[in-house]
Each structure stands twice: as structure tokens, then as C-alpha cells.
$ cat entry13.pdb   # PDB, C-alpha atoms
ATOM      1  CA  MET A   1      91.138 103.797  70.868
ATOM      2  CA  ALA A   2      93.133 102.701  73.899
ATOM      3  CA  LYS A   3      95.713 105.454  73.317
ATOM      4  CA  LYS A   4      92.974 108.094  73.191
ATOM      5  CA  LYS A   5      91.538 106.775  76.437
ATOM      6  CA  GLN A   6      94.982 106.747  78.043
ATOM      7  CA  SER A   7      95.678 110.319  76.940
ATOM      8  CA  LYS A   8      92.333 111.440  78.377
ATOM      9  CA  VAL A   9      93.196 109.605  81.577
ATOM     10  CA  LYS A  10      96.612 111.274  81.766
ATOM     11  CA  LYS A  11      95.079 114.714  81.158
ATOM     12  CA  SER A  12      92.464 114.073  83.838
ATOM     13  CA  ARG A  13      95.122 112.864  86.273
ATOM     14  CA  ILE A  14      97.165 116.025  85.631
ATOM     15  CA  GLN A  15      94.074 118.202  86.078
ATOM     16  CA  LEU A  16      93.320 116.391  89.320
ATOM     17  CA  GLN A  17      96.879 116.952  90.559
ATOM     18  CA  ARG A  18      96.674 120.654  89.681
ATOM     19  CA  GLY A  19      93.347 120.978  91.467
ATOM     20  CA  ALA A  20      91.293 121.600  88.315
ATOM     21  CA  LEU A  21      89.075 118.591  89.108
ATOM     22  CA  SER A  22      87.703 117.849  92.515
ATOM     23  CA  PRO A  23      88.109 114.214  93.653
ATOM     24  CA  ASN A  24      84.328 113.828  94.095
ATOM     25  CA  GLU A  25      83.512 115.325  90.689
ATOM     26  CA  ASP A  26      83.824 112.202  88.617
ATOM     27  CA  ASN A  27      84.346 108.972  90.566
ATOM     28  CA  LYS A  28      83.868 106.837  87.453
ATOM     29  CA  LEU A  29      86.671 108.641  85.666
ATOM     30  CA  LEU A  30      88.979 108.293  88.642
ATOM     31  CA  HIS A  31      88.173 104.600  88.990
ATOM     32  CA  SER A  32      88.869 103.962  85.286
ATOM     33  CA  MET A  33      92.048 106.046  85.541
ATOM     34  CA  ASP A  34      93.326 103.935  88.404
ATOM     35  CA  SER A  35      92.571 100.655  86.656
ATOM     36  CA  ILE A  36      94.266 101.811  83.439
ATOM     37  CA  TYR A  37      97.209 103.152  85.448
ATOM     38  CA  ILE A  38      97.587  99.796  87.196
ATOM     39  CA  LEU A  39      97.421  97.939  83.871
ATOM     40  CA  CYS A  40     100.028 100.275  82.372
ATOM     41  CA  CYS A  41     102.352  99.710  85.304
ATOM     42  CA  LEU A  42     101.996  95.922  85.101
ATOM     43  CA  GLU A  43     102.977  95.841  81.431
ATOM     44  CA  GLU A  44     106.593  95.778  80.382
ATOM     45  CA  PRO A  45     107.907  99.346  80.137
ATOM     46  CA  ARG A  46     107.662 100.726  76.631
ATOM     47  CA  LEU A  47     110.787 102.032  74.989
ATOM     48  CA  ARG A  48     110.835 104.862  72.522
ATOM     49  CA  HIS A  49     112.649 104.469  69.210
ATOM     50  CA  VAL A  50     115.563 106.613  70.363
ATOM     51  CA  GLU A  51     115.935 104.574  73.544
ATOM     52  CA  LYS A  52     115.828 101.239  71.738
ATOM     53  CA  ASP A  53     118.044 102.148  68.802
ATOM     54  CA  VAL A  54     120.377 104.819  70.195
ATOM     55  CA  LEU A  55     120.650 105.098  73.968
ATOM     56  CA  ILE A  56     120.744 101.428  74.955
ATOM     57  CA  PRO A  57     123.184 100.472  72.142
ATOM     58  CA  LYS A  58     125.381 103.353  73.319
ATOM     59  CA  MET A  59     125.482 101.750  76.769
ATOM     60  CA  VAL A  60     126.289  98.387  75.143
ATOM     61  CA  ARG A  61     129.208  99.966  73.243
ATOM     62  CA  GLU A  62     130.580 101.523  76.434
ATOM     63  CA  LYS A  63     130.380  98.203  78.298
ATOM     64  CA  ALA A  64     131.941  96.376  75.339
ATOM     65  CA  LYS A  65     134.876  98.810  75.396
ATOM     66  CA  GLU A  66     135.332  98.065  79.089
ATOM     67  CA  LEU A  67     135.165  94.306  78.494
ATOM     68  CA  CYS A  68     137.636  94.514  75.580
ATOM     69  CA  SER A  69     139.952  97.000  77.300
ATOM     70  CA  ASP A  70     143.043  94.807  76.843
ATOM     71  CA  LYS A  71     142.521  94.660  73.071
ATOM     72  CA  VAL A  72     141.804  98.394  72.957
ATOM     73  CA  GLU A  73     145.114  99.039  74.750
ATOM     74  CA  ASP A  74     147.012  96.741  72.369
ATOM     75  CA  PHE A  75     145.548  98.471  69.322
ATOM     76  CA  THR A  76     146.234 101.924  70.787
ATOM     77  CA  LYS A  77     149.878 101.063  71.541
ATOM     78  CA  CYS A  78     150.352  99.645  68.066
ATOM     79  CA  CYS A  79     148.913 102.793  66.476
ATOM     80  CA  GLN A  80     151.074 105.075  68.606
ATOM     81  CA  GLN A  81     154.238 103.113  67.831
ATOM     82  CA  ASN A  82     153.694 102.847  64.074
ATOM     83  CA  GLY A  83     152.225 106.247  63.251
ATOM     84  CA  PHE A  84     151.314 106.501  59.566
ATOM     85  CA  PHE A  85     152.081 102.809  58.919
ATOM     86  CA  MET A  86     149.503 101.671  61.477
ATOM     87  CA  VAL A  87     147.094 100.880  58.632
ATOM     88  CA  VAL A  88     149.354  98.060  57.511
ATOM     89  CA  LYS A  89     151.129  97.032  60.713
ATOM     90  CA  CYS A  90     148.180  96.939  63.144
ATOM     91  CA  ARG A  91     145.830  94.737  61.160
ATOM     92  CA  GLU A  92     146.026  91.839  63.616
ATOM     93  CA  GLU A  93     145.261  94.047  66.618
ATOM     94  CA  ASN A  94     142.451  95.747  64.714
ATOM     95  CA  ALA A  95     140.922  92.396  63.722
ATOM     96  CA  ALA A  96     141.110  91.119  67.309
ATOM     97  CA  LEU A  97     139.494  94.312  68.589
ATOM     98  CA  LYS A  98     136.708  94.157  66.001
ATOM     99  CA  GLU A  99     136.014  90.511  66.807
ATOM    100  CA  CYS A 100     135.823  91.201  70.522
ATOM    101  CA  LEU A 101     133.566  94.239  70.131
ATOM    102  CA  THR A 102     131.172  92.655  67.619
ATOM    103  CA  GLY A 103     130.876  89.603  69.847
ATOM    104  CA  HIS A 104     129.680  91.827  72.680
ATOM    105  CA  TYR A 105     127.455  93.938  70.400
ATOM    106  CA  GLN A 106     125.580  90.817  69.314
ATOM    107  CA  ASP A 107     125.279  89.421  72.852
ATOM    108  CA  THR A 108     121.592  89.582  73.796
ATOM    109  CA  THR A 109     122.276  89.156  77.516
ATOM    110  CA  LEU A 110     124.506  92.243  77.535
ATOM    111  CA  TYR A 111     121.778  94.176  75.696
ATOM    112  CA  GLU A 112     119.187  93.066  78.259
ATOM    113  CA  GLU A 113     121.488  94.067  81.146
ATOM    114  CA  CYS A 114     121.967  97.510  79.621
ATOM    115  CA  LYS A 115     118.230  97.778  78.995
ATOM    116  CA  GLU A 116     117.476  97.002  82.650
ATOM    117  CA  GLN A 117     120.110  99.503  83.789
ATOM    118  CA  TYR A 118     118.640 102.147  81.469
ATOM    119  CA  LEU A 119     115.111 101.498  82.730
ATOM    120  CA  LYS A 120     116.293 101.858  86.347
ATOM    121  CA  GLU A 121     118.033 105.142  85.523
ATOM    122  CA  ARG A 122     114.957 106.392  83.648
ATOM    123  CA  GLU A 123     112.672 105.472  86.552
ATOM    124  CA  GLU A 124     114.986 107.198  89.019
ATOM    125  CA  PHE A 125     115.043 110.301  86.821
ATOM    126  CA  GLN A 126     111.248 110.308  86.643
ATOM    127  CA  LYS A 127     111.079 110.148  90.445
ATOM    128  CA  THR A 128     113.768 112.714  91.271
ATOM    129  CA  GLY A 129     114.145 114.851  88.152
ATOM    130  CA  ILE A 130     117.927 114.624  88.488
ATOM    131  CA  PRO A 131     119.924 112.843  85.740
ATOM    132  CA  SER A 132     122.133 109.963  86.894
ATOM    133  CA  LYS A 133     125.329 111.822  85.920
ATOM    134  CA  LYS A 134     124.474 114.756  88.174
ATOM    135  CA  ARG A 135     123.400 112.386  90.960
ATOM    136  CA  GLN A 136     126.775 110.643  90.770
ATOM    137  CA  GLN A 137     128.601 113.999  90.821
ATOM    138  CA  LYS A 138     126.674 115.101  93.908
ATOM    139  CA  VAL A 139     127.538 111.870  95.709
ATOM    140  CA  SER A 140     131.246 112.145  94.900
ATOM    141  CA  SER A 141     131.429 115.864  95.795
ATOM    142  CA  SER A 142     129.678 115.356  99.135
ATOM    143  CA  MET A 143     132.311 112.832 100.276
TER     144      MET A 143
END
$ encode --input "entry13.pdb" --output "C-alpha cells"
Amino acid sequence: MAKKKQSKVKKSRIQLQRGALSPNEDNKLLHSMDSIYILCCLEEPRLRHVEKDVLIPKMVREKAKELCSDKVEDFTKCCQQNGFFMVVKCREENAALKECLTGHYQDTTLYEECKEQYLKEREEFQKTGIPSKKRQQKVSSSM
């Protein structure tokens, strides 16, 4: 029931923005829209399935690679030096790398940091319409 009301509110807000509704046409609707909008903004931001299970974990993996960069380098050097025999000769480096990465993957504070960063980027995108990657490129090209 609440979702139906919210969708009606969103449609009415869009119609109001487009000029389809006049502001004086339905003051009750506008008042209820504002109160629901305020309640929605006060709640914790909702994450879609793809954000929760794909995008934020992707950010966690990238940060974990940065935090375990020394072990990544060691494993990479070992693989380059041993070629085909890396399967046998690089087991220690591989185990150390796996341990480091899984430790960071299971760290809830790192997940929460990435979640906050993602929510900031999403909010900025909703305001500007420009993805963070393009925003960063514009900043670096303007310097």
C-alpha cells in the first residue's frame, strides 16, 4: 500500500514539475507528497540488489587489491619468473594473497566505507547526471 502511494506521489511530483498540475490544484496531494518525501529522505537510503551484491563488492575488491598490493606484486613476480611451473612454485605467495584478500572481503568496516562512498557517488550522479569517472576526467583535463 505504501509503495502504491509513493508511486502516485512520484508521478504527481513529476507532473507538477512538467507543469501538468497547477500548484493550487490539489493542496492535499502536495502536502502528503512533501511529508512522504521528507520521510523517504530521513530513512536510510535503499540499495537495489545489484548495488548490494555487485557494485559495492566490486569496490571492496578494488580496495582490497590496493591494500594487499605488496602480496599481489610478490605473486605476480613469482608467476613471471616461473612460467608454467608457477602452479607448484608459487603456492606460498598465492596462499598469502588469498588470506590477505579474504580478510579484507570479510571486513564489515571496509564494506561500510565502500557503501558510503557508493552512496555519495550515486547522490552526486543524481544531482549532476555526470558519472564520477567522467567528472574525474574533466577535472584532470582542465588542469
$ atom_distance --input "entry13.pdb" --atom1 "atom CA of Ala64 of chain A" --atom2 "atom CA of Glu116 of chain A"
16.2 Å
$ atom_distance --input "entry13.pdb" --atom1 "atom CA of Leu97 of chain A" --atom2 "atom CA of Leu67 of chain A"
10.8 Å
$ residues_around --input "entry13.pdb" --residues "Lys71 of chain A" --least-positions-apart "6" --cutoff "12 Å" --atoms "only C-alpha atoms" --output "ChimeraX atom specification"
/A:64-65,77-78,90,92-101
$ closest_residue --input "entry13.pdb" --among "A:Cys79, A:Lys133, A:Lys63, A:Asp70" --to "Glu121 of chain A" --atoms "all atoms listed in the file"
A:Lys133
$ closest_residue --input "entry13.pdb" --among "A:Gly129, A:Gln106, A:Leu119, A:Glu124" --to "Arg48 of chain A" --atoms "all atoms listed in the file"
A:Leu119
$ closest_residue --input "entry13.pdb" --among "A:Met59, A:Val87, A:Pro131, A:Cys68" --to "Gln117 of chain A" --atoms "only C-alpha atoms"
A:Met59
$ atom_distance --input "entry13.pdb" --atom1 "atom CA of Thr108 of chain A" --atom2 "atom CA of Lys58 of chain A"
14.3 Å
$ axis_aligned_box --input "entry13.pdb" --around "segment 90-94 of chain A" --padding-each-side "3 Å" --output "JSON"
{"center_x": 145.3, "center_y": 94.4, "center_z": 63.9, "size_x": 11.7, "size_y": 11.1, "size_z": 11.5}
$ resolve_selection --input "entry13.pdb" --expression "the PyMOL selection byres ((chain A and resi 51-56) around 8)" --output "PyMOL selection string"
chain A and resi 47-50+57-60+111+114-115+118
$ build_atoms --input "entry13.pdb" --residues "segment 55-66 of chain A" --atoms "all heavy atoms" --output "tab-separated table (two decimals), in the coordinates of the input"
chain	number	residue	atom	x	y	z
A	55	LEU	N	120.13	104.98	72.61
A	55	LEU	CA	120.65	105.10	73.97
A	55	LEU	C	121.12	103.77	74.56
A	55	LEU	O	122.22	103.70	75.14
A	55	LEU	CB	119.59	105.74	74.87
A	55	LEU	CG	119.19	107.16	74.48
A	55	LEU	CD1	118.03	107.64	75.33
A	55	LEU	CD2	120.37	108.10	74.59
A	56	ILE	N	120.33	102.73	74.41
A	56	ILE	CA	120.74	101.43	74.96
A	56	ILE	C	121.94	100.87	74.19
A	56	ILE	O	122.90	100.40	74.82
A	56	ILE	CB	119.56	100.45	75.00
A	56	ILE	CG1	118.51	100.98	75.99
A	56	ILE	CG2	120.01	99.05	75.41
A	56	ILE	CD1	117.22	100.21	76.02
A	57	PRO	N	121.97	100.91	72.84
A	57	PRO	CA	123.18	100.47	72.14
A	57	PRO	C	124.43	101.27	72.52
A	57	PRO	O	125.53	100.74	72.54
A	57	PRO	CB	122.84	100.66	70.67
A	57	PRO	CG	121.37	100.48	70.62
A	57	PRO	CD	120.86	101.11	71.88
A	58	LYS	N	124.24	102.55	72.86
A	58	LYS	CA	125.38	103.35	73.32
A	58	LYS	C	125.94	102.77	74.62
A	58	LYS	O	127.16	102.67	74.79
A	58	LYS	CB	124.94	104.80	73.53
A	58	LYS	CG	126.04	105.72	74.00
A	58	LYS	CD	125.51	107.12	74.22
A	58	LYS	CE	126.59	108.01	74.79
A	58	LYS	NZ	126.07	109.34	75.14
A	59	MET	N	125.04	102.38	75.52
A	59	MET	CA	125.48	101.75	76.77
A	59	MET	C	126.18	100.42	76.50
A	59	MET	O	127.17	100.08	77.14
A	59	MET	CB	124.29	101.54	77.71
A	59	MET	CG	123.68	102.82	78.21
A	59	MET	SD	122.19	102.54	79.19
A	59	MET	CE	122.92	102.00	80.73
A	60	VAL	N	125.67	99.67	75.51
A	60	VAL	CA	126.29	98.39	75.14
A	60	VAL	C	127.70	98.64	74.62
A	60	VAL	O	128.64	97.91	74.97
A	60	VAL	CB	125.43	97.64	74.10
A	60	VAL	CG1	126.15	96.43	73.56
A	60	VAL	CG2	124.10	97.23	74.71
A	61	ARG	N	127.88	99.65	73.77
A	61	ARG	CA	129.21	99.97	73.24
A	61	ARG	C	130.18	100.34	74.35
A	61	ARG	O	131.34	99.90	74.35
A	61	ARG	CB	129.13	101.11	72.22
A	61	ARG	CG	128.59	100.68	70.88
A	61	ARG	CD	128.78	101.77	69.82
A	61	ARG	NE	128.12	103.02	70.17
A	61	ARG	CZ	126.86	103.32	69.89
A	61	ARG	NH1	126.10	102.43	69.27
A	61	ARG	NH2	126.36	104.49	70.22
A	62	GLU	N	129.71	101.14	75.32
A	62	GLU	CA	130.58	101.52	76.43
A	62	GLU	C	131.00	100.31	77.26
A	62	GLU	O	132.16	100.17	77.63
A	62	GLU	CB	129.87	102.55	77.31
A	62	GLU	CG	129.70	103.90	76.64
A	62	GLU	CD	128.81	104.85	77.42
A	62	GLU	OE1	128.28	104.45	78.49
A	62	GLU	OE2	128.61	105.98	76.94
A	63	LYS	N	130.04	99.42	77.53
A	63	LYS	CA	130.38	98.20	78.30
A	63	LYS	C	131.31	97.30	77.50
A	63	LYS	O	132.21	96.68	78.06
A	63	LYS	CB	129.11	97.45	78.68
A	63	LYS	CG	128.32	98.13	79.74
A	63	LYS	CD	127.85	97.14	80.74
A	63	LYS	CE	127.05	97.92	81.77
A	63	LYS	NZ	126.82	97.18	82.95
A	64	ALA	N	131.08	97.22	76.18
A	64	ALA	CA	131.94	96.38	75.34
A	64	ALA	C	133.37	96.91	75.35
A	64	ALA	O	134.32	96.12	75.38
A	64	ALA	CB	131.39	96.32	73.92
A	65	LYS	N	133.53	98.23	75.32
A	65	LYS	CA	134.88	98.81	75.40
A	65	LYS	C	135.55	98.46	76.71
A	65	LYS	O	136.76	98.20	76.75
A	65	LYS	CB	134.83	100.32	75.22
A	65	LYS	CG	134.61	100.76	73.80
A	65	LYS	CD	134.60	102.27	73.70
A	65	LYS	CE	134.24	102.72	72.31
A	65	LYS	NZ	134.16	104.19	72.20
A	66	GLU	N	134.78	98.45	77.79
A	66	GLU	CA	135.33	98.06	79.09
A	66	GLU	C	135.74	96.59	79.09
A	66	GLU	O	136.80	96.23	79.60
A	66	GLU	CB	134.32	98.31	80.20
A	66	GLU	CG	134.03	99.75	80.48
A	66	GLU	CD	132.90	99.94	81.49
A	66	GLU	OE1	132.50	98.94	82.14
A	66	GLU	OE2	132.41	101.07	81.61
